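This is protein-v3.cif (mmCIF, C-alpha atoms).
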data_target
#
loop_
_atom_site.group_PDB
_atom_site.id
_atom_site.type_symbol
_atom_site.label_atom_id
_atom_site.label_comp_id
_atom_site.auth_asym_id
_atom_site.auth_seq_id
_atom_site.Cartn_x
_atom_site.Cartn_y
_atom_site.Cartn_z
ATOM 1 C CA MET A 336 -90.043 148.186 38.773
ATOM 2 C CA ALA A 337 -87.310 145.713 37.862
ATOM 3 C CA GLN A 338 -86.181 143.294 40.514
ATOM 4 C CA ILE A 339 -82.541 143.147 41.525
ATOM 5 C CA PRO A 340 -81.348 139.548 41.324
ATOM 6 C CA THR A 341 -80.692 138.009 44.728
ATOM 7 C CA SER A 342 -77.419 136.698 43.348
ATOM 8 C CA ALA A 343 -76.236 140.305 42.939
ATOM 9 C CA ILE A 344 -77.441 141.275 46.415
ATOM 10 C CA ALA A 345 -75.675 138.357 48.086
ATOM 11 C CA ALA A 346 -72.431 138.887 46.178
ATOM 12 C CA ALA A 347 -72.517 142.628 46.857
ATOM 13 C CA GLY A 348 -73.050 141.946 50.560
ATOM 14 C CA LEU A 349 -69.947 139.784 50.764
ATOM 15 C CA VAL A 350 -67.751 142.115 48.715
ATOM 16 C CA GLY A 351 -69.216 145.300 50.187
ATOM 17 C CA GLY A 352 -68.952 144.051 53.752
ATOM 18 C CA TYR A 353 -65.301 143.180 53.308
ATOM 19 C CA ALA A 354 -64.504 146.401 51.456
ATOM 20 C CA THR A 355 -66.210 148.496 54.117
ATOM 21 C CA ALA A 356 -64.387 146.740 56.947
ATOM 22 C CA ARG A 357 -61.049 146.977 55.165
ATOM 23 C CA TRP A 358 -61.252 150.603 54.045
ATOM 24 C CA THR A 359 -62.783 152.041 57.210
ATOM 25 C CA GLY A 360 -60.838 149.846 59.623
ATOM 26 C CA ARG A 361 -64.111 149.085 61.398
ATOM 27 C CA ARG A 362 -65.023 145.435 61.212
ATOM 28 C CA PRO A 363 -68.442 145.934 62.848
ATOM 29 C CA LEU A 364 -69.387 148.385 60.105
ATOM 30 C CA GLY A 365 -68.503 145.752 57.517
ATOM 31 C CA GLY A 366 -70.670 143.334 59.479
ATOM 32 C CA VAL A 367 -73.595 145.729 59.235
ATOM 33 C CA ILE A 368 -73.258 145.809 55.437
ATOM 34 C CA LEU A 369 -72.919 142.022 55.307
ATOM 35 C CA ALA A 370 -75.978 141.538 57.527
ATOM 36 C CA ALA A 371 -78.111 144.118 55.715
ATOM 37 C CA ALA A 372 -77.469 142.542 52.322
ATOM 38 C CA GLY A 373 -78.015 139.070 53.768
ATOM 39 C CA THR A 374 -81.324 140.153 55.287
ATOM 40 C CA LEU A 375 -82.506 141.717 52.038
ATOM 41 C CA ALA A 376 -81.479 138.644 50.047
ATOM 42 C CA ALA A 377 -83.157 136.325 52.568
ATOM 43 C CA ARG A 378 -86.377 138.317 52.362
ATOM 44 C CA GLU A 379 -86.378 137.903 48.584
ATOM 45 C CA TRP A 380 -85.428 134.216 48.807
ATOM 46 C CA HIS A 381 -88.376 133.706 51.141
ATOM 47 C CA ARG A 382 -90.690 135.497 48.739
ATOM 48 C CA ARG A 383 -89.464 133.599 45.668
ATOM 49 C CA THR A 384 -88.719 130.100 47.004
ATOM 50 C CA THR A 385 -89.623 127.586 49.687
ATOM 51 C CA PRO A 386 -88.661 127.953 53.340
ATOM 52 C CA THR A 387 -86.184 125.085 52.931
ATOM 53 C CA THR A 388 -84.463 126.776 49.996
ATOM 54 C CA THR A 389 -84.367 130.036 51.926
ATOM 55 C CA ALA A 390 -82.728 128.301 54.889
ATOM 56 C CA LEU A 391 -80.199 126.571 52.644
ATOM 57 C CA LEU A 392 -79.289 129.807 50.874
ATOM 58 C CA GLY A 393 -78.984 131.617 54.203
ATOM 59 C CA THR A 394 -76.675 128.893 55.450
ATOM 60 C CA ALA A 395 -74.662 129.129 52.239
ATOM 61 C CA TYR A 396 -74.322 132.905 52.721
ATOM 62 C CA VAL A 397 -72.928 132.469 56.221
ATOM 63 C CA ALA A 398 -70.697 129.607 55.035
ATOM 64 C CA ALA A 399 -69.356 131.742 52.180
ATOM 65 C CA PHE A 400 -68.467 134.480 54.663
ATOM 66 C CA ALA A 401 -66.857 132.043 57.097
ATOM 67 C CA GLY A 402 -65.118 130.073 54.360
ATOM 68 C CA SER A 403 -63.504 133.147 52.889
ATOM 69 C CA HIS A 404 -61.385 133.568 56.021
ATOM 70 C CA PRO A 405 -59.308 130.368 55.800
ATOM 71 C CA LEU A 406 -59.271 130.666 52.011
ATOM 72 C CA ALA A 407 -57.724 134.139 52.358
ATOM 73 C CA LYS A 408 -54.707 132.590 54.064
ATOM 74 C CA LYS A 409 -54.112 130.461 50.979
ATOM 75 C CA ILE A 410 -54.928 132.790 48.069
ATOM 76 C CA GLY A 411 -55.127 136.279 49.584
ATOM 77 C CA PRO A 412 -58.030 138.313 50.933
ATOM 78 C CA TRP A 413 -59.515 139.840 47.779
ATOM 79 C CA PRO A 414 -59.374 136.642 45.714
ATOM 80 C CA ALA A 415 -60.979 134.781 48.620
ATOM 81 C CA VAL A 416 -63.797 137.315 48.916
ATOM 82 C CA PHE A 417 -64.420 137.275 45.168
ATOM 83 C CA THR A 418 -64.398 133.469 45.143
ATOM 84 C CA ALA A 419 -66.889 133.325 48.006
ATOM 85 C CA ALA A 420 -69.074 135.969 46.353
ATOM 86 C CA ALA A 421 -69.023 134.113 43.035
ATOM 87 C CA ALA A 422 -69.954 130.838 44.698
ATOM 88 C CA MET A 423 -72.795 132.501 46.579
ATOM 89 C CA ALA A 424 -74.037 134.311 43.485
ATOM 90 C CA THR A 425 -74.063 131.044 41.550
ATOM 91 C CA ALA A 426 -76.023 129.224 44.256
ATOM 92 C CA SER A 427 -78.495 132.080 44.618
ATOM 93 C CA TYR A 428 -79.009 132.368 40.884
ATOM 94 C CA ALA A 429 -79.589 128.641 40.508
ATOM 95 C CA ALA A 430 -82.007 128.411 43.420
ATOM 96 C CA ALA A 431 -83.898 131.704 43.330
ATOM 97 C CA ASP A 432 -83.236 133.910 40.316
ATOM 98 C CA ARG A 433 -83.393 131.591 37.337
ATOM 99 C CA ALA A 434 -86.732 131.959 35.598
#

Structure rendered as structure tokens:
Amino acid sequence: MAQIPTSAIAAAGLVGGYATARWTGRRPLGGVILAAAGTLAAREWHRRTTPTTTALLGTAYVAAFAGSHPLAKKIGPWPAVFTAAAAMATASYAAADRA
């Protein structure tokens, strides 16, 4: 079975978490999506990389989520989420997905 790139999982978690929170009006539900994708990505990072890389990518995931909030005040919510997701996808690809 083909593996889903962790870059796609992490980006989908950020975008999907925000979209879920925004469209349902339930921020905790968005948090569940964000956490589930982050957990799945972290499990794959752990399997594919070193513990240090896994910790750094996990920190980057949380930082991308947190950083999107102040960025949204400057460029708008959707552009901020897409920027954070793109940055996270790039870091994940470089550290864990690239063959």

Next on the checklist: Taking the file as I've supplied it (selection: the PyMOL selection byres ((chain A and resi 373-375) around 8)), which residues are included? Please answer as a ChimeraX atom specification.
Outcome noted: /A:344-345,348,369-372,376-379,393,396

Using C-alpha atoms, can you export the residues from the last selection as a compact mmCIF listing (two decimals), in the coordinates of the input?
# COMPACT_ATOMS: atom_id res chain seq x y z
CA ILE A 344 -77.44 141.28 46.42
CA ALA A 345 -75.68 138.36 48.09
CA GLY A 348 -73.05 141.95 50.56
CA LEU A 369 -72.92 142.02 55.31
CA ALA A 370 -75.98 141.54 57.53
CA ALA A 371 -78.11 144.12 55.72
CA ALA A 372 -77.47 142.54 52.32
CA ALA A 376 -81.48 138.64 50.05
CA ALA A 377 -83.16 136.32 52.57
CA ARG A 378 -86.38 138.32 52.36
CA GLU A 379 -86.38 137.90 48.58
CA GLY A 393 -78.98 131.62 54.20
CA TYR A 396 -74.32 132.90 52.72

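Distance-wise, CA of Ala426 (chain A) and CA of Phe400 (chain A) end up 13.9 Å apart.
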
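Distance check against Trp413 (chain A) using all atoms listed in the file: of A:Ala347, A:Thr389, A:Leu364, A:Tyr353, the minimum falls on A:Tyr353.
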
Checklist entry - Suppose you want the space between CA of Gly365 (chain A) and CA of Ala399 (chain A); what is it in Å? => result 15.0 Å

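Considering the residues A:Met423, A:Val416, A:Leu349, A:Ile339 and counting all atoms listed in the file, Thr394 (chain A) has its shortest atom-to-atom contact with A:Met423.
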
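Taking CA of Pro363 (chain A) as the reference point, CA of Lys408 (chain A) is found at 21.1 Å.
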
Item to check | Which residue of A:Ala430, A:Ala390, A:Gly351, A:His381 approaches Ile368 (chain A) most closely, using only C-alpha atoms | outcome: A:Gly351

Checklist entry - Pick from A:Ala420, A:Ala398, A:Ala415, A:Ile410: nearest to Ser342 (chain A), with all atoms listed in the file counted? => result A:Ala420

Determine the axis-aligned bounding box of all atoms of region 370-378 of chain A present in the file, pad each side by 3 Å, and express its centre and edge lengths in Å to one decimal place as lines of an AutoDock Vina configuration file.
center_x = -81.2
center_y = 140.2
center_z = 53.8
size_x = 16.4
size_y = 13.8
size_z = 13.5

Checklist entry - Excluding same-chain residues fewer than 2 positions from Asp432 (chain A), what lies within 9 Å of it counting only C-alpha atoms, as a list of chain:residue names? => result A:Pro340, A:Thr341, A:Ser342, A:Trp380, A:Arg383, A:Ser427, A:Tyr428, A:Ala429, A:Ala430, A:Ala434

Checklist entry - Of the candidates A:Thr387, A:Ser403, A:Thr355, A:Thr418, which one gets nearest to Val367 (chain A) if we count only C-alpha atoms? => result A:Thr355

Checklist outcome for this item: Min atom-atom distance to Leu392 (chain A) from the set A:Ala343, A:Ala356, A:Ala431, A:Gln338, counting all atoms listed in the file, belongs to A:Ala431

Just write region 358-370 of chain A with all heavy atoms, as a compact mmCIF listing (two decimals), in the first residue's frame, taken from the block above.
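Written output follows (result.txt):
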# COMPACT_ATOMS: atom_id res chain seq x y z
N TRP A 358 -16.22 26.32 9.90
CA TRP A 358 -17.51 25.98 9.31
C TRP A 358 -18.51 25.39 10.30
O TRP A 358 -19.71 25.49 10.09
CB TRP A 358 -17.32 25.05 8.12
CG TRP A 358 -16.65 25.77 6.97
CD1 TRP A 358 -16.73 27.11 6.69
CD2 TRP A 358 -15.81 25.22 5.98
NE1 TRP A 358 -15.98 27.41 5.58
CE2 TRP A 358 -15.40 26.27 5.12
CE3 TRP A 358 -15.35 23.93 5.72
CZ2 TRP A 358 -14.57 26.06 4.04
CZ3 TRP A 358 -14.52 23.74 4.64
CH2 TRP A 358 -14.13 24.79 3.80
N THR A 359 -18.02 24.75 11.36
CA THR A 359 -18.94 24.22 12.36
C THR A 359 -19.18 25.20 13.49
O THR A 359 -20.15 25.03 14.24
CB THR A 359 -18.42 22.89 12.96
OG1 THR A 359 -17.23 23.15 13.70
CG2 THR A 359 -18.20 21.84 11.90
N GLY A 360 -18.29 26.17 13.65
CA GLY A 360 -18.39 27.09 14.77
C GLY A 360 -17.93 26.47 16.08
O GLY A 360 -18.11 27.05 17.15
N ARG A 361 -17.31 25.32 16.00
CA ARG A 361 -16.84 24.61 17.20
C ARG A 361 -15.32 24.48 17.16
O ARG A 361 -14.78 23.59 16.49
CB ARG A 361 -17.49 23.24 17.29
CG ARG A 361 -18.97 23.35 17.47
CD ARG A 361 -19.59 21.99 17.52
NE ARG A 361 -21.01 22.16 17.77
CZ ARG A 361 -21.69 21.37 18.56
NH1 ARG A 361 -21.12 20.36 19.14
NH2 ARG A 361 -22.97 21.60 18.75
N ARG A 362 -14.67 25.37 17.87
CA ARG A 362 -13.21 25.35 17.88
C ARG A 362 -12.64 24.04 18.42
O ARG A 362 -11.64 23.55 17.89
CB ARG A 362 -12.69 26.55 18.66
CG ARG A 362 -12.97 27.86 17.93
CD ARG A 362 -12.51 29.04 18.70
NE ARG A 362 -11.05 29.06 18.72
CZ ARG A 362 -10.33 30.04 19.20
NH1 ARG A 362 -10.91 31.09 19.74
NH2 ARG A 362 -9.02 29.98 19.19
N PRO A 363 -13.24 23.46 19.48
CA PRO A 363 -12.68 22.19 19.96
C PRO A 363 -12.70 21.08 18.90
O PRO A 363 -11.80 20.24 18.86
CB PRO A 363 -13.57 21.82 21.15
CG PRO A 363 -14.09 23.14 21.63
CD PRO A 363 -14.28 23.96 20.38
N LEU A 364 -13.71 21.08 18.06
CA LEU A 364 -13.78 20.08 17.00
C LEU A 364 -12.63 20.28 16.01
O LEU A 364 -12.01 19.31 15.55
CB LEU A 364 -15.13 20.13 16.29
CG LEU A 364 -15.40 19.06 15.24
CD1 LEU A 364 -15.25 17.66 15.84
CD2 LEU A 364 -16.79 19.25 14.66
N GLY A 365 -12.34 21.52 15.69
CA GLY A 365 -11.17 21.81 14.85
C GLY A 365 -9.89 21.36 15.51
O GLY A 365 -8.98 20.85 14.85
N GLY A 366 -9.82 21.52 16.83
CA GLY A 366 -8.66 21.06 17.59
C GLY A 366 -8.48 19.55 17.53
O GLY A 366 -7.36 19.04 17.50
N VAL A 367 -9.59 18.84 17.50
CA VAL A 367 -9.53 17.38 17.40
C VAL A 367 -8.92 16.98 16.05
O VAL A 367 -8.05 16.10 15.99
CB VAL A 367 -10.93 16.75 17.58
CG1 VAL A 367 -10.94 15.28 17.19
CG2 VAL A 367 -11.40 16.92 19.01
N ILE A 368 -9.34 17.64 14.99
CA ILE A 368 -8.79 17.36 13.65
C ILE A 368 -7.31 17.70 13.62
O ILE A 368 -6.48 16.90 13.14
CB ILE A 368 -9.55 18.16 12.57
CG1 ILE A 368 -11.04 17.84 12.58
CG2 ILE A 368 -8.93 17.96 11.20
CD1 ILE A 368 -11.39 16.41 12.31
N LEU A 369 -6.96 18.85 14.15
CA LEU A 369 -5.56 19.29 14.20
C LEU A 369 -4.71 18.28 14.97
O LEU A 369 -3.64 17.87 14.51
CB LEU A 369 -5.47 20.67 14.86
CG LEU A 369 -4.09 21.26 15.01
CD1 LEU A 369 -3.62 21.82 13.68
CD2 LEU A 369 -4.12 22.35 16.06
N ALA A 370 -5.20 17.86 16.13
CA ALA A 370 -4.45 16.92 16.96
C ALA A 370 -4.36 15.53 16.33
O ALA A 370 -3.31 14.87 16.40
CB ALA A 370 -5.09 16.81 18.35
